[in-house]
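Peer 1: My structure is stored as entry-v2.json, with JSON, C-alpha atoms.
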```
[["chain", "number", "residue", "atom", "x", "y", "z"],
["A", 1, "GLN", "CA", 16.19, 37.91, 12.66],
["A", 2, "ARG", "CA", 15.83, 34.72, 14.65],
["A", 3, "PRO", "CA", 16.84, 31.65, 12.61],
["A", 4, "GLN", "CA", 13.98, 29.38, 11.65],
["A", 5, "PRO", "CA", 14.01, 25.82, 13.03],
["A", 6, "ALA", "CA", 14.85, 23.11, 10.55],
["A", 7, "GLN", "CA", 11.81, 21.42, 9.09],
["A", 8, "PRO", "CA", 11.59, 17.62, 9.45],
["A", 9, "GLN", "CA", 12.29, 15.84, 6.20],
["A", 10, "PRO", "CA", 10.04, 13.02, 4.95],
["A", 11, "ALA", "CA", 11.47, 9.54, 5.27],
["A", 12, "ALA", "CA", 12.76, 8.66, 1.84],
["A", 13, "MET", "CA", 11.49, 5.69, -0.10],
["A", 14, "PRO", "CA", 13.60, 2.66, -1.03],
["A", 15, "SER", "CA", 16.12, 3.05, -3.83],
["A", 16, "THR", "CA", 14.78, 1.99, -7.20],
["A", 17, "SER", "CA", 18.09, 0.32, -8.05],
["A", 18, "SER", "CA", 17.05, -3.04, -6.60],
["A", 19, "ALA", "CA", 13.33, -2.82, -7.38],
["A", 20, "PRO", "CA", 11.80, -5.43, -9.70],
["A", 21, "ALA", "CA", 9.66, -2.78, -11.44],
["A", 22, "ALA", "CA", 9.25, 0.97, -11.79],
["A", 23, "VAL", "CA", 8.81, 2.94, -8.57],
["A", 24, "THR", "CA", 7.18, 6.39, -8.46],
["A", 25, "THR", "CA", 5.54, 8.57, -5.83],
["A", 26, "PHE", "CA", 2.02, 9.95, -5.86],
["A", 27, "GLU", "CA", 0.47, 12.90, -4.08],
["A", 28, "THR", "CA", -2.31, 12.53, -1.51],
["A", 29, "PRO", "CA", -3.69, 14.95, 1.07],
["A", 30, "ASN", "CA", -5.03, 12.04, 3.11],
["A", 31, "LEU", "CA", -2.19, 11.56, 5.59],
["A", 32, "GLY", "CA", -1.80, 11.68, 9.36],
["A", 33, "GLY", "CA", 1.26, 12.33, 11.47],
["A", 34, "PRO", "CA", 4.15, 9.89, 11.83],
["A", 35, "ARG", "CA", 3.34, 6.36, 12.98],
["A", 36, "LYS", "CA", 4.30, 5.83, 16.61],
["A", 37, "GLU", "CA", 5.58, 2.36, 15.72],
["A", 38, "THR", "CA", 5.55, 0.03, 12.72],
["A", 39, "ARG", "CA", 4.41, -3.50, 13.52],
["A", 40, "GLY", "CA", 3.97, -4.73, 9.97],
["A", 41, "ILE", "CA", 1.90, -4.49, 6.81],
["A", 42, "VAL", "CA", -1.79, -4.68, 5.93],
["A", 43, "VAL", "CA", -2.40, -6.09, 2.45],
["A", 44, "HIS", "CA", -5.45, -4.73, 0.61],
["A", 45, "SER", "CA", -6.90, -5.10, -2.87],
["A", 46, "THR", "CA", -8.57, -2.21, -4.65],
["A", 47, "ARG", "CA", -11.87, -3.82, -5.78],
["A", 48, "GLY", "CA", -12.91, -0.89, -7.96],
["A", 49, "GLN", "CA", -14.81, -0.79, -11.23],
["A", 50, "GLY", "CA", -11.88, -0.41, -13.63],
["A", 51, "LYS", "CA", -12.40, -2.26, -16.89],
["A", 52, "THR", "CA", -8.67, -2.91, -17.32],
["A", 53, "PRO", "CA", -5.79, -3.20, -14.83],
["A", 54, "ALA", "CA", -4.41, 0.13, -16.06],
["A", 55, "GLU", "CA", -7.78, 1.84, -15.56],
["A", 56, "GLU", "CA", -8.12, 0.30, -12.10],
["A", 57, "LEU", "CA", -4.67, 1.58, -11.12],
["A", 58, "GLN", "CA", -5.35, 5.10, -12.38],
["A", 59, "ALA", "CA", -8.74, 5.22, -10.67],
["A", 60, "THR", "CA", -7.14, 4.20, -7.38],
["A", 61, "LEU", "CA", -4.47, 6.89, -7.58],
["A", 62, "ASN", "CA", -7.10, 9.45, -8.55],
["A", 63, "TRP", "CA", -9.24, 8.47, -5.58],
["A", 64, "PHE", "CA", -6.33, 8.72, -3.16],
["A", 65, "ALA", "CA", -5.56, 12.19, -4.56],
["A", 66, "ASN", "CA", -9.09, 13.35, -3.77],
["A", 67, "PRO", "CA", -9.39, 14.88, -0.26],
["A", 68, "LYS", "CA", -13.08, 13.96, -0.19],
["A", 69, "SER", "CA", -12.23, 10.26, -0.28],
["A", 70, "GLU", "CA", -10.41, 10.43, 3.07],
["A", 71, "VAL", "CA", -8.48, 7.27, 2.15],
["A", 72, "SER", "CA", -4.95, 6.45, 1.07],
["A", 73, "ALA", "CA", -2.27, 3.76, 1.31],
["A", 74, "ASN", "CA", 1.49, 3.78, 1.62],
["A", 75, "ALA", "CA", 1.84, 1.96, -1.68],
["A", 76, "VAL", "CA", -0.23, 0.75, -4.62],
["A", 77, "ILE", "CA", 1.10, -2.11, -6.76],
["A", 78, "GLY", "CA", -0.20, -2.38, -10.33],
["A", 79, "ALA", "CA", -0.83, -5.61, -12.20],
["A", 80, "ASP", "CA", 2.42, -4.98, -14.06],
["A", 81, "GLY", "CA", 4.30, -4.80, -10.74],
["A", 82, "SER", "CA", 4.75, -1.03, -10.86],
["A", 83, "ILE", "CA", 5.05, 0.45, -7.36],
["A", 84, "HIS", "CA", 3.39, 3.77, -6.55],
["A", 85, "THR", "CA", 4.12, 5.19, -3.10],
["A", 86, "VAL", "CA", 3.62, 8.21, -0.89],
["A", 87, "GLY", "CA", 6.80, 10.20, -0.37],
["A", 88, "ASP", "CA", 6.96, 9.85, 3.42],
["A", 89, "TRP", "CA", 7.23, 6.26, 4.61],
["A", 90, "ASP", "CA", 6.76, 7.24, 8.25],
["A", 91, "ALA", "CA", 3.42, 8.96, 7.64],
["A", 92, "GLN", "CA", 0.16, 7.36, 8.65],
["A", 93, "THR", "CA", -1.96, 6.64, 5.62],
["A", 94, "TRP", "CA", -5.70, 6.14, 5.96],
["A", 95, "HIS", "CA", -6.29, 2.52, 5.06],
["A", 96, "ALA", "CA", -7.38, 0.52, 8.12],
["A", 97, "GLY", "CA", -8.80, 2.68, 10.87],
["A", 98, "GLU", "CA", -7.08, 2.30, 14.21],
["A", 99, "ASN", "CA", -4.33, 0.22, 12.56],
["A", 100, "ASN", "CA", -3.06, 3.21, 10.60],
["A", 101, "ALA", "CA", -0.89, 4.26, 13.56],
["A", 102, "SER", "CA", 1.09, 1.01, 13.56],
["A", 103, "ARG", "CA", 0.86, -0.66, 10.14],
["A", 104, "ILE", "CA", 1.84, 0.16, 6.58],
["A", 105, "GLY", "CA", -0.95, -0.20, 4.02],
["A", 106, "ILE", "CA", -0.27, -1.73, 0.60],
["A", 107, "GLU", "CA", -2.96, -1.94, -2.09],
["A", 108, "LEU", "CA", -2.82, -4.58, -4.83],
["A", 109, "VAL", "CA", -4.64, -3.48, -7.95],
["A", 110, "GLN", "CA", -7.47, -5.87, -8.80],
["A", 111, "SER", "CA", -10.94, -4.88, -9.93],
["A", 112, "ALA", "CA", -14.09, -6.14, -8.25],
["A", 113, "ALA", "CA", -14.97, -8.03, -11.42],
["A", 114, "ASP", "CA", -11.61, -9.81, -11.54],
["A", 115, "ASN", "CA", -11.95, -10.70, -7.88],
["A", 116, "ASP", "CA", -15.41, -12.13, -8.49],
["A", 117, "ARG", "CA", -14.01, -14.23, -11.34],
["A", 118, "GLY", "CA", -11.20, -15.53, -9.15],
["A", 119, "VAL", "CA", -8.50, -13.97, -11.32],
["A", 120, "PRO", "CA", -5.17, -14.52, -9.54],
["A", 121, "PHE", "CA", -2.84, -11.70, -8.63],
["A", 122, "THR", "CA", 0.06, -11.46, -11.07],
["A", 123, "ASP", "CA", 3.60, -12.78, -10.67],
["A", 124, "ALA", "CA", 4.80, -9.20, -11.03],
["A", 125, "GLN", "CA", 2.63, -8.11, -8.11],
["A", 126, "TYR", "CA", 4.02, -10.85, -5.87],
["A", 127, "ARG", "CA", 7.59, -9.92, -6.81],
["A", 128, "SER", "CA", 7.05, -6.24, -6.08],
["A", 129, "LEU", "CA", 5.14, -6.91, -2.88],
["A", 130, "ALA", "CA", 7.88, -9.23, -1.62],
["A", 131, "TRP", "CA", 10.60, -6.70, -2.47],
["A", 132, "LEU", "CA", 8.74, -3.86, -0.80],
["A", 133, "THR", "CA", 8.07, -5.99, 2.27],
["A", 134, "GLN", "CA", 11.78, -6.80, 2.56],
["A", 135, "GLN", "CA", 12.63, -3.10, 2.34],
["A", 136, "MET", "CA", 10.12, -2.19, 5.04],
["A", 137, "SER", "CA", 11.19, -5.08, 7.28],
["A", 138, "GLN", "CA", 14.80, -3.89, 7.08],
["A", 139, "ARG", "CA", 13.84, -0.28, 7.66],
["A", 140, "TYR", "CA", 11.51, -0.79, 10.62],
["A", 141, "GLY", "CA", 12.82, -4.03, 12.11],
["A", 142, "PHE", "CA", 9.69, -6.18, 12.07],
["A", 143, "PRO", "CA", 9.98, -9.90, 11.22],
["A", 144, "VAL", "CA", 8.39, -11.38, 8.09],
["A", 145, "ASN", "CA", 5.65, -13.74, 9.23],
["A", 146, "ARG", "CA", 1.88, -14.10, 9.38],
["A", 147, "GLN", "CA", 1.66, -12.08, 12.57],
["A", 148, "THR", "CA", 3.23, -9.00, 11.00],
["A", 149, "LEU", "CA", 1.79, -9.47, 7.49],
["A", 150, "VAL", "CA", -2.00, -9.49, 7.56],
["A", 151, "GLY", "CA", -4.95, -8.97, 5.27],
["A", 152, "HIS", "CA", -7.55, -6.27, 5.77],
["A", 153, "GLU", "CA", -10.17, -8.98, 6.21],
["A", 154, "GLU", "CA", -8.21, -10.41, 9.15],
["A", 155, "LEU", "CA", -8.22, -7.25, 11.25],
["A", 156, "GLU", "CA", -10.97, -6.55, 13.76],
["A", 157, "GLN", "CA", -11.45, -3.18, 12.04],
["A", 158, "GLY", "CA", -11.77, -4.95, 8.70],
["A", 159, "ARG", "CA", -14.29, -7.46, 10.02],
["A", 160, "ARG", "CA", -16.39, -4.66, 11.49],
["A", 161, "GLY", "CA", -16.43, -3.01, 8.08],
["A", 162, "GLY", "CA", -17.22, -6.20, 6.19],
["A", 163, "LYS", "CA", -13.89, -6.23, 4.37],
["A", 164, "THR", "CA", -12.97, -9.35, 2.40],
["A", 165, "ASP", "CA", -9.69, -8.28, 0.82],
["A", 166, "PRO", "CA", -7.27, -9.37, -0.40],
["A", 167, "GLY", "CA", -9.48, -12.49, -0.54],
["A", 168, "GLN", "CA", -9.16, -16.08, -1.60],
["A", 169, "SER", "CA", -7.20, -15.28, -4.76],
["A", 170, "PHE", "CA", -4.24, -14.10, -2.67],
["A", 171, "ASP", "CA", -1.60, -16.76, -1.93],
["A", 172, "TRP", "CA", -0.31, -16.02, 1.57],
["A", 173, "ASN", "CA", 2.17, -18.90, 1.56],
["A", 174, "ARG", "CA", 3.75, -17.63, -1.65],
["A", 175, "TYR", "CA", 3.89, -14.06, -0.36],
["A", 176, "VAL", "CA", 5.55, -14.93, 2.95],
["A", 177, "GLN", "CA", 7.98, -17.32, 1.29],
["A", 178, "GLU", "CA", 9.05, -14.79, -1.33],
["A", 179, "ALA", "CA", 9.29, -11.98, 1.21],
["A", 180, "SER", "CA", 11.41, -14.24, 3.45],
["A", 181, "ALA", "CA", 13.88, -15.15, 0.68],
["A", 182, "PRO", "CA", 17.48, -13.99, 1.22],
["A", 183, "ALA", "CA", 17.97, -10.43, 0.08],
["A", 184, "GLY", "CA", 20.75, -7.90, 0.08],
["A", 185, "GLY", "CA", 21.46, -5.67, 3.04],
["A", 186, "PRO", "CA", 19.71, -2.38, 3.65],
["A", 187, "VAL", "CA", 19.80, -0.16, 0.58],
["A", 188, "ALA", "CA", 20.41, 3.56, 0.31],
["A", 189, "LEU", "CA", 17.11, 5.41, 0.41],
["A", 190, "THR", "CA", 16.32, 7.96, -2.28],
["A", 191, "ALA", "CA", 13.12, 9.40, -3.68],
["A", 192, "ALA", "CA", 11.79, 8.97, -7.21],
["A", 193, "PRO", "CA", 9.91, 11.78, -8.98],
["A", 194, "PRO", "CA", 6.15, 12.02, -8.36],
["A", 195, "ALA", "CA", 3.73, 10.55, -10.86],
["A", 196, "ALA", "CA", 2.29, 13.40, -12.91],
["A", 197, "GLY", "CA", -1.09, 14.25, -14.35],
["A", 198, "LEU", "CA", -3.46, 12.80, -11.73],
["A", 199, "PRO", "CA", -6.93, 14.39, -11.79],
["A", 200, "GLU", "CA", -8.36, 15.49, -8.44],
["A", 201, "ALA", "CA", -11.34, 13.13, -8.45],
["A", 202, "ALA", "CA", -11.88, 9.51, -9.39],
["A", 203, "PRO", "CA", -13.96, 8.82, -12.52],
["A", 204, "ALA", "CA", -17.66, 8.50, -11.82],
["A", 205, "GLY", "CA", -18.62, 5.06, -10.61],
["A", 206, "VAL", "CA", -15.08, 3.99, -9.79],
["A", 207, "VAL", "CA", -14.60, 3.43, -6.07],
["A", 208, "THR", "CA", -11.82, 1.29, -4.65],
["A", 209, "ASP", "CA", -12.22, -1.06, -1.70],
["A", 210, "ALA", "CA", -10.15, 1.33, 0.38],
["A", 211, "GLY", "CA", -12.77, 3.99, -0.18],
["A", 212, "ARG", "CA", -15.57, 1.98, 1.42],
["A", 213, "GLY", "CA", -15.34, 2.49, 5.15],
["A", 214, "SER", "CA", -11.61, 1.96, 5.74]]
```
What does this structure look like when you write it as structure tokens?
Peer 2:
Amino acid sequence: QRPQPAQPQPAAMPSTSSAPAAVTTFETPNLGGPRKETRGIVVHSTRGQGKTPAEELQATLNWFANPKSEVSANAVIGADGSIHTVGDWDAQTWHAGENNASRIGIELVQSAADNDRGVPFTDAQYRSLAWLTQQMSQRYGFPVNRQTLVGHEELEQGRRGGKTDPGQSFDWNRYVQEASAPAGGPVALTAAPPAAGLPEAAPAGVVTDAGRGS
């Protein structure tokens, strides 16, 4: 019998040893092939109808798990700083149209109501976003600046779709400064266990920003 060719292994996620909060993986069918290059990161906010940060996070993960949504992101960061990622960092997630082939997508959990009230993103979210950005910069070799780190609203694709996230509540100066702070060298990459118990569909009436024309 002819030996079978080795199957490519997903690119592992950063080690949790240096993470500022819990890191888990989530399942989504909404993935493309490997990115041809990685130029940087697109920052999104979820803008769903969750009544609490925990409900907003769960609704986002549920929506990304639903094949009918046709949306996903490489990572979702909860209000508590928890980091939820796809298992393959090289995969294209479906978060910003034509930019999916060259940029990582990161969603910050914030409901539409909190955005409308001008509720700031949490310190824990900034810490986790900065840490994850450092890991991705080390892994893919892109610099940390405002050319590589962009908001969905700043992309031509985002403007065409009327996107306004992450919005005025997001402090870009703080993000870039924290992501540029000295950090340790590249870490060993290992995978954390997947998050369990995600229903297939999002609760009725709960639709994240990523699910509206990304």
Peer 1: Mind giving me the straight-line distance from atom CA of A:Phe26 to atom CA of A:Glu55 in Å, one decimal?
Peer 2: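 Distance between the two atoms: 16.0 Å.
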Peer 1: Please determine, counting all atoms listed in the file, which residue among A:Ala75, A:Val144, A:Leu129, A:Ala113 has the shortest atom-to-atom distance to A:Thr25.
Peer 2: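 Closest residue, counting all atoms listed in the file: A:Ala75.
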Peer 1: So that I can check the surroundings of A:Val150, please list as a ChimeraX atom specification every protein, DNA and RNA residue that reaches within 12 Å of it, counting only C-alpha atoms and ignoring chain neighbours fewer than 4 positions away.
Peer 2: /A:39-44,96,99,103-106,133,144-146,154-156,158,165-167,170-173,175-176
Peer 1: Counting only C-alpha atoms, which residue out of A:Thr24, A:Thr38, A:Asn74, A:Gln110 sits closest to A:Ala54?
Peer 2: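 With only C-alpha atoms as the atom set, the closest residue is A:Gln110.
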Peer 1: Between A:Ala101, A:Ala112, A:Val71, A:Ile77, single out the one closest to A:Gln125, counting only C-alpha atoms.
Peer 2: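 Distance minimum relative to A:Gln125 lands on A:Ile77.
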Peer 1: Mind giving me the straight-line distance from atom CA of A:Thr148 to atom CA of A:Gln134 in Å, one decimal?
Peer 2: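 So the answer is 12.2 Å.
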